[in-house]
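Here's the structure, in structure tokens; my notes come after.
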Amino acid sequence: MLTLHHLENSRSQRILWLLEELGVEYRIKRYKRDAKTGLAPPELLAVHPLGKSPVITDGDLTIAESGAIVEYLVGNYEDGRLLPAARTPERLAYTYWLHYAEGSFMPLMIVSLILHRIETAPMPFFIKPVAKGIAAKVHASYLDHNVKRNLDFMESSPQKSTWFCGNEMTAADIQMSFAVEAAEVRTNLSTNYPSLAAFLVKIRALPAYQAALERGGPYQLMGGNPAR
Ligand SMILES: N[C@@H](CCC(=O)N[C@@H](CS)C(=O)NCC(=O)O)C(=O)O
């Protein structure tokens, strides 16, 4: 049976949601983050050399990287609902958002998280201003305008009518859900990005999203605020 190697409070949640949407039979192997560092436990290294989640195992196959897992699941288990037809504008949008989530947006969120950790880490008082100064410089010279540009783009994308790829929900919406949820813990979506806020309200009401929460357990993303 297909196994999802599920790290708590992680991107793996969207794979859970996709599995529920597709009605695939699966089992969950759970992993806890290190309480101090937030990192994945070493047992995940036994599943895949990068030691990250999500990873799925299906028979002899081990598949890592959310986008690759989404493509595998949709390609092998989908019932036609979550993948737009080939050679349509919706399919192109699908490919775009599937890659954009991890390729363009999430690296910004990771930089933001690392800076937040630097800013809030315990350290000798005389080092603190230096650390804060460096973090402020990265915010001002690189991070803040890039985050804003990306969120403005996500908010106003012409393709994002009802869903990211048109009027039907697709697996790209599931892939993008983690990106929008990551943005939510760092900026006030309702005030600044109402259509992204509405997207989250809409997905959270879906039965499969809720079933995934029930199977996966508590789901809370790590904080850090770049949008200042
Ligand atoms: N681009 C990869 C990112 C995988 C990734 O970084 N996963 C995080 C969870 S959200 C992780 O395993 N973090 C724990 C660690 O880095 O030790 C994907 O989408 O699968």
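Chain lettering (A, B, ...) mirrors the order of the structure tokens, residue numbering begins at 1 for each chain separately, and ligand numbering begins at 1 in order of display.
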
Within-8 Å residues of ligand 1, basis only C-alpha atoms and all ligand atoms, as a PDB file with all heavy atoms, in the first residue's frame:
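Okay, result.pdb is ready:
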ATOM      1  N   LEU A   7       5.816  14.401   7.890  1.00  0.00           N
ATOM      2  CA  LEU A   7       6.420  15.200   8.960  1.00  0.00           C
ATOM      3  C   LEU A   7       5.365  16.167   9.471  1.00  0.00           C
ATOM      4  O   LEU A   7       4.683  16.833   8.683  1.00  0.00           O
ATOM      5  CB  LEU A   7       7.616  15.976   8.394  1.00  0.00           C
ATOM      6  CG  LEU A   7       8.361  16.903   9.355  1.00  0.00           C
ATOM      7  CD1 LEU A   7       9.057  16.113  10.460  1.00  0.00           C
ATOM      8  CD2 LEU A   7       9.378  17.749   8.589  1.00  0.00           C
ATOM      9  N   ASN A   9       3.324  19.291  10.782  1.00  0.00           N
ATOM     10  CA  ASN A   9       3.353  20.721  10.437  1.00  0.00           C
ATOM     11  C   ASN A   9       4.247  21.014   9.231  1.00  0.00           C
ATOM     12  O   ASN A   9       5.171  21.826   9.310  1.00  0.00           O
ATOM     13  CB  ASN A   9       3.838  21.540  11.636  1.00  0.00           C
ATOM     14  CG  ASN A   9       2.958  21.337  12.841  1.00  0.00           C
ATOM     15  OD1 ASN A   9       1.735  21.236  12.709  1.00  0.00           O
ATOM     16  ND2 ASN A   9       3.543  21.255  14.018  1.00  0.00           N
ATOM     17  N   SER A  10       3.965  20.364   8.140  1.00  0.00           N
ATOM     18  CA  SER A  10       4.866  20.505   6.991  1.00  0.00           C
ATOM     19  C   SER A  10       4.105  20.450   5.668  1.00  0.00           C
ATOM     20  O   SER A  10       2.901  20.202   5.618  1.00  0.00           O
ATOM     21  CB  SER A  10       5.907  19.385   7.004  1.00  0.00           C
ATOM     22  OG  SER A  10       5.349  18.191   6.503  1.00  0.00           O
ATOM     23  N   ARG A  11       4.870  20.612   4.604  1.00  0.00           N
ATOM     24  CA  ARG A  11       4.341  20.513   3.238  1.00  0.00           C
ATOM     25  C   ARG A  11       3.633  19.191   2.965  1.00  0.00           C
ATOM     26  O   ARG A  11       2.885  19.071   2.008  1.00  0.00           O
ATOM     27  CB  ARG A  11       5.500  20.581   2.246  1.00  0.00           C
ATOM     28  CG  ARG A  11       6.125  21.920   2.057  1.00  0.00           C
ATOM     29  CD  ARG A  11       7.492  21.664   1.427  1.00  0.00           C
ATOM     30  NE  ARG A  11       8.143  22.858   0.936  1.00  0.00           N
ATOM     31  CZ  ARG A  11       8.873  23.656   1.687  1.00  0.00           C
ATOM     32  NH1 ARG A  11       8.989  23.431   2.983  1.00  0.00           N
ATOM     33  NH2 ARG A  11       9.468  24.707   1.143  1.00  0.00           N
ATOM     34  N   SER A  12       3.942  18.221   3.758  1.00  0.00           N
ATOM     35  CA  SER A  12       3.339  16.909   3.591  1.00  0.00           C
ATOM     36  C   SER A  12       1.811  16.982   3.707  1.00  0.00           C
ATOM     37  O   SER A  12       1.090  16.138   3.157  1.00  0.00           O
ATOM     38  CB  SER A  12       3.926  16.007   4.673  1.00  0.00           C
ATOM     39  OG  SER A  12       3.361  14.765   4.630  1.00  0.00           O
ATOM     40  N   ARG A  33       9.106  16.754  14.356  1.00  0.00           N
ATOM     41  CA  ARG A  33      10.230  17.683  14.216  1.00  0.00           C
ATOM     42  C   ARG A  33      11.012  17.732  15.521  1.00  0.00           C
ATOM     43  O   ARG A  33      10.439  17.555  16.601  1.00  0.00           O
ATOM     44  CB  ARG A  33       9.713  19.098  13.911  1.00  0.00           C
ATOM     45  CG  ARG A  33       9.154  19.266  12.516  1.00  0.00           C
ATOM     46  CD  ARG A  33       8.667  20.692  12.354  1.00  0.00           C
ATOM     47  NE  ARG A  33       8.035  20.927  11.067  1.00  0.00           N
ATOM     48  CZ  ARG A  33       8.691  21.303   9.960  1.00  0.00           C
ATOM     49  NH1 ARG A  33       9.992  21.469   9.979  1.00  0.00           N
ATOM     50  NH2 ARG A  33       8.029  21.518   8.837  1.00  0.00           N
ATOM     51  N   GLY A  38      13.465  22.351  14.976  1.00  0.00           N
ATOM     52  CA  GLY A  38      12.362  22.289  14.012  1.00  0.00           C
ATOM     53  C   GLY A  38      12.681  21.387  12.827  1.00  0.00           C
ATOM     54  O   GLY A  38      11.862  21.224  11.918  1.00  0.00           O
ATOM     55  N   LEU A  39      13.874  20.791  12.825  1.00  0.00           N
ATOM     56  CA  LEU A  39      14.268  19.971  11.667  1.00  0.00           C
ATOM     57  C   LEU A  39      13.638  18.577  11.733  1.00  0.00           C
ATOM     58  O   LEU A  39      13.157  18.137  12.784  1.00  0.00           O
ATOM     59  CB  LEU A  39      15.793  19.853  11.616  1.00  0.00           C
ATOM     60  CG  LEU A  39      16.541  21.163  11.345  1.00  0.00           C
ATOM     61  CD1 LEU A  39      18.035  20.944  11.364  1.00  0.00           C
ATOM     62  CD2 LEU A  39      16.106  21.782  10.016  1.00  0.00           C
ATOM     63  N   ALA A  40      13.690  17.904  10.587  1.00  0.00           N
ATOM     64  CA  ALA A  40      13.144  16.541  10.504  1.00  0.00           C
ATOM     65  C   ALA A  40      14.053  15.584  11.273  1.00  0.00           C
ATOM     66  O   ALA A  40      15.257  15.816  11.376  1.00  0.00           O
ATOM     67  CB  ALA A  40      13.063  16.128   9.041  1.00  0.00           C
ATOM     68  N   PRO A  41      13.493  14.495  11.792  1.00  0.00           N
ATOM     69  CA  PRO A  41      14.327  13.532  12.514  1.00  0.00           C
ATOM     70  C   PRO A  41      15.160  12.697  11.548  1.00  0.00           C
ATOM     71  O   PRO A  41      14.804  12.565  10.372  1.00  0.00           O
ATOM     72  CB  PRO A  41      13.291  12.642  13.228  1.00  0.00           C
ATOM     73  CG  PRO A  41      12.106  12.694  12.340  1.00  0.00           C
ATOM     74  CD  PRO A  41      12.094  14.060  11.712  1.00  0.00           C
ATOM     75  N   GLY A  51      16.311  13.469   3.438  1.00  0.00           N
ATOM     76  CA  GLY A  51      15.742  13.463   4.795  1.00  0.00           C
ATOM     77  C   GLY A  51      14.633  14.472   5.010  1.00  0.00           C
ATOM     78  O   GLY A  51      14.424  14.955   6.120  1.00  0.00           O
ATOM     79  N   LYS A  52      13.918  14.827   3.936  1.00  0.00           N
ATOM     80  CA  LYS A  52      12.831  15.823   4.053  1.00  0.00           C
ATOM     81  C   LYS A  52      11.483  15.165   3.832  1.00  0.00           C
ATOM     82  O   LYS A  52      11.390  14.027   3.385  1.00  0.00           O
ATOM     83  CB  LYS A  52      13.011  16.913   3.001  1.00  0.00           C
ATOM     84  CG  LYS A  52      14.381  17.541   2.991  1.00  0.00           C
ATOM     85  CD  LYS A  52      14.370  18.912   3.545  1.00  0.00           C
ATOM     86  CE  LYS A  52      15.756  19.523   3.544  1.00  0.00           C
ATOM     87  NZ  LYS A  52      15.930  20.515   4.555  1.00  0.00           N
ATOM     88  N   SER A  53      10.459  15.903   4.087  1.00  0.00           N
ATOM     89  CA  SER A  53       9.099  15.435   3.856  1.00  0.00           C
ATOM     90  C   SER A  53       8.391  16.509   3.024  1.00  0.00           C
ATOM     91  O   SER A  53       8.678  17.695   3.191  1.00  0.00           O
ATOM     92  CB  SER A  53       8.403  15.267   5.204  1.00  0.00           C
ATOM     93  OG  SER A  53       7.058  14.910   5.046  1.00  0.00           O
ATOM     94  N   PRO A  54       7.488  16.148   2.117  1.00  0.00           N
ATOM     95  CA  PRO A  54       6.925  14.815   1.955  1.00  0.00           C
ATOM     96  C   PRO A  54       7.801  13.870   1.136  1.00  0.00           C
ATOM     97  O   PRO A  54       8.562  14.295   0.272  1.00  0.00           O
ATOM     98  CB  PRO A  54       5.630  15.101   1.186  1.00  0.00           C
ATOM     99  CG  PRO A  54       5.925  16.330   0.380  1.00  0.00           C
ATOM    100  CD  PRO A  54       6.831  17.143   1.238  1.00  0.00           C
ATOM    101  N   VAL A  55       7.597  12.599   1.436  1.00  0.00           N
ATOM    102  CA  VAL A  55       8.092  11.499   0.607  1.00  0.00           C
ATOM    103  C   VAL A  55       6.994  10.455   0.597  1.00  0.00           C
ATOM    104  O   VAL A  55       6.326  10.269   1.620  1.00  0.00           O
ATOM    105  CB  VAL A  55       9.359  10.840   1.210  1.00  0.00           C
ATOM    106  CG1 VAL A  55       9.863   9.728   0.297  1.00  0.00           C
ATOM    107  CG2 VAL A  55      10.472  11.833   1.427  1.00  0.00           C
ATOM    108  N   ALA A  64      10.172  11.671  -3.788  1.00  0.00           N
ATOM    109  CA  ALA A  64      10.288  12.868  -2.957  1.00  0.00           C
ATOM    110  C   ALA A  64       9.956  14.078  -3.819  1.00  0.00           C
ATOM    111  O   ALA A  64       9.800  13.959  -5.036  1.00  0.00           O
ATOM    112  CB  ALA A  64      11.709  12.982  -2.417  1.00  0.00           C
ATOM    113  N   GLU A  65       9.856  15.230  -3.179  1.00  0.00           N
ATOM    114  CA  GLU A  65       9.601  16.533  -3.802  1.00  0.00           C
ATOM    115  C   GLU A  65       8.107  16.652  -4.107  1.00  0.00           C
ATOM    116  O   GLU A  65       7.572  15.926  -4.958  1.00  0.00           O
ATOM    117  CB  GLU A  65      10.454  16.702  -5.081  1.00  0.00           C
ATOM    118  CG  GLU A  65      10.525  18.116  -5.605  1.00  0.00           C
ATOM    119  CD  GLU A  65      11.167  19.122  -4.628  1.00  0.00           C
ATOM    120  OE1 GLU A  65      12.279  18.866  -4.129  1.00  0.00           O
ATOM    121  OE2 GLU A  65      10.532  20.149  -4.349  1.00  0.00           O
ATOM    122  N   SER A  66       7.463  17.606  -3.408  1.00  0.00           N
ATOM    123  CA  SER A  66       6.005  17.733  -3.521  1.00  0.00           C
ATOM    124  C   SER A  66       5.494  17.724  -4.958  1.00  0.00           C
ATOM    125  O   SER A  66       4.521  17.037  -5.275  1.00  0.00           O
ATOM    126  CB  SER A  66       5.514  19.043  -2.892  1.00  0.00           C
ATOM    127  OG  SER A  66       6.071  19.267  -1.664  1.00  0.00           O
ATOM    128  N   GLY A  67       6.152  18.536  -5.829  1.00  0.00           N
ATOM    129  CA  GLY A  67       5.651  18.645  -7.207  1.00  0.00           C
ATOM    130  C   GLY A  67       5.726  17.300  -7.920  1.00  0.00           C
ATOM    131  O   GLY A  67       4.811  16.923  -8.665  1.00  0.00           O
ATOM    132  N   GLU A 102       7.055  25.853  -5.335  1.00  0.00           N
ATOM    133  CA  GLU A 102       8.333  25.506  -4.706  1.00  0.00           C
ATOM    134  C   GLU A 102       9.520  26.193  -5.392  1.00  0.00           C
ATOM    135  O   GLU A 102      10.530  26.458  -4.749  1.00  0.00           O
ATOM    136  CB  GLU A 102       8.550  23.988  -4.717  1.00  0.00           C
ATOM    137  CG  GLU A 102       7.631  23.231  -3.779  1.00  0.00           C
ATOM    138  CD  GLU A 102       7.851  23.572  -2.300  1.00  0.00           C
ATOM    139  OE1 GLU A 102       9.002  23.756  -1.873  1.00  0.00           O
ATOM    140  OE2 GLU A 102       6.838  23.671  -1.580  1.00  0.00           O
ATOM    141  N   GLY A 103       9.378  26.481  -6.686  1.00  0.00           N
ATOM    142  CA  GLY A 103      10.512  27.043  -7.422  1.00  0.00           C
ATOM    143  C   GLY A 103      10.737  28.515  -7.141  1.00  0.00           C
ATOM    144  O   GLY A 103      11.882  28.969  -7.052  1.00  0.00           O
ATOM    145  N   MET A 106       8.353  29.547  -2.349  1.00  0.00           N
ATOM    146  CA  MET A 106       8.801  28.987  -1.070  1.00  0.00           C
ATOM    147  C   MET A 106      10.234  29.372  -0.685  1.00  0.00           C
ATOM    148  O   MET A 106      10.498  29.587   0.499  1.00  0.00           O
ATOM    149  CB  MET A 106       8.591  27.467  -1.025  1.00  0.00           C
ATOM    150  CG  MET A 106       7.132  27.058  -0.843  1.00  0.00           C
ATOM    151  SD  MET A 106       6.270  27.943   0.486  1.00  0.00           S
ATOM    152  CE  MET A 106       7.194  27.385   1.923  1.00  0.00           C
TER     153      MET A 106
END

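Residues in contact range of A:Trp163, defined as at most 8 Å between only C-alpha atoms, with sequence neighbours fewer than 6 positions away removed, read A:Met169, A:Thr170, A:Asp173, A:Phe199.
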
| request: Write out as a ChimeraX atom specification the residues lying within 9 Å of A:Ala182, counting only C-alpha atoms and excluding same-chain residues fewer than 5 positions away. | output: /A:106,109,177,221-223

| request: Can you pull out every residue within 10 Å of stretch 116-121 of chain A, counting only C-alpha atoms, but drop anything in the same chain fewer than 2 positions away, and send it as a list in words? | output: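 Within the cut-off, the hits are Ile110, Val111, Ser112, Leu113, Ile114, Met123, Pro124, Lys128, Pro129, Val130, Ala131, Lys132, Gly133, Ile134, Ala135, Ala136, Gly223, Gly224, Asn225 and Pro226 of chain A.
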
| field | Using only C-alpha atoms: which of A:His139, A:Tyr193, A:His5, A:Asp58 has the shortest distance to A:Ser156 | value |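 Result for the nearest residue to A:Ser156: A:Tyr193.
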
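Per DSSP on the backbone, strand (DSSP E) in stretch 40-161 of chain A comprises Val55, Ile56, Thr57, Asp58, Leu61, Thr62, Ile63 and Ala64 of chain A.
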
| task | Select from stretch 77-157 of chain A everything DSSP, run on the backbone, classes as helix (DSSP H, G or I), then give the selection as a ChimeraX atom specification. | result | /A:77,89-120,128-156

| said: At a cut-off of 10 Å, using only C-alpha atoms, what residues contact stretch 60-62 of chain A? Leave out same-chain residues fewer than 2 positions from it and give the result as a ChimeraX atom specification. | reply: /A:2-3,47-48,55-58,64,69

| message | So that I can see what lies close to A:Glu71, please list as a list in words the residues with an atom at most 12 Å from it, counting only C-alpha atoms and leaving out residues fewer than 5 positions away in the same chain. | response | Ile15, Leu18, Ile63, Ala64, Glu65, Ser66, Asn76, Tyr77, Glu78, Leu82, Leu83, Tyr94, Thr95, Leu98, His99, Thr170, Ala171, Ala172, Ile174 and Gln175 of chain A

| task | Have a look at atom CA of A:Leu4 and atom CA of A:Val185 and let me know their distance in Å, one decimal. | result | 25.2 Å

| query | Can you tell me, as an NGL selection string, what residues are no more than 10 Å from A:Gly80 when counting only C-alpha atoms, ignoring any on the same chain fewer than 5 positions away? | reply | :A and (22 or 74-75 or 85 or 170)

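Proximity of A:Glu21, A:Glu8, A:Asp79, A:Asp144 to A:Ile203, computed with only C-alpha atoms, is greatest for A:Glu21.
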
| Pick from A:Leu115, A:Lys202, A:Ala86, A:Arg27, whichever lies nearest to A:Lys137 using only C-alpha atoms | A:Leu115

| task | Figure out the distance between atom CA of A:Arg215 and atom CA of A:Asp34, please, to one decimal in Å. | result |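 Rounded to one decimal, the two atoms are 21.2 Å apart.
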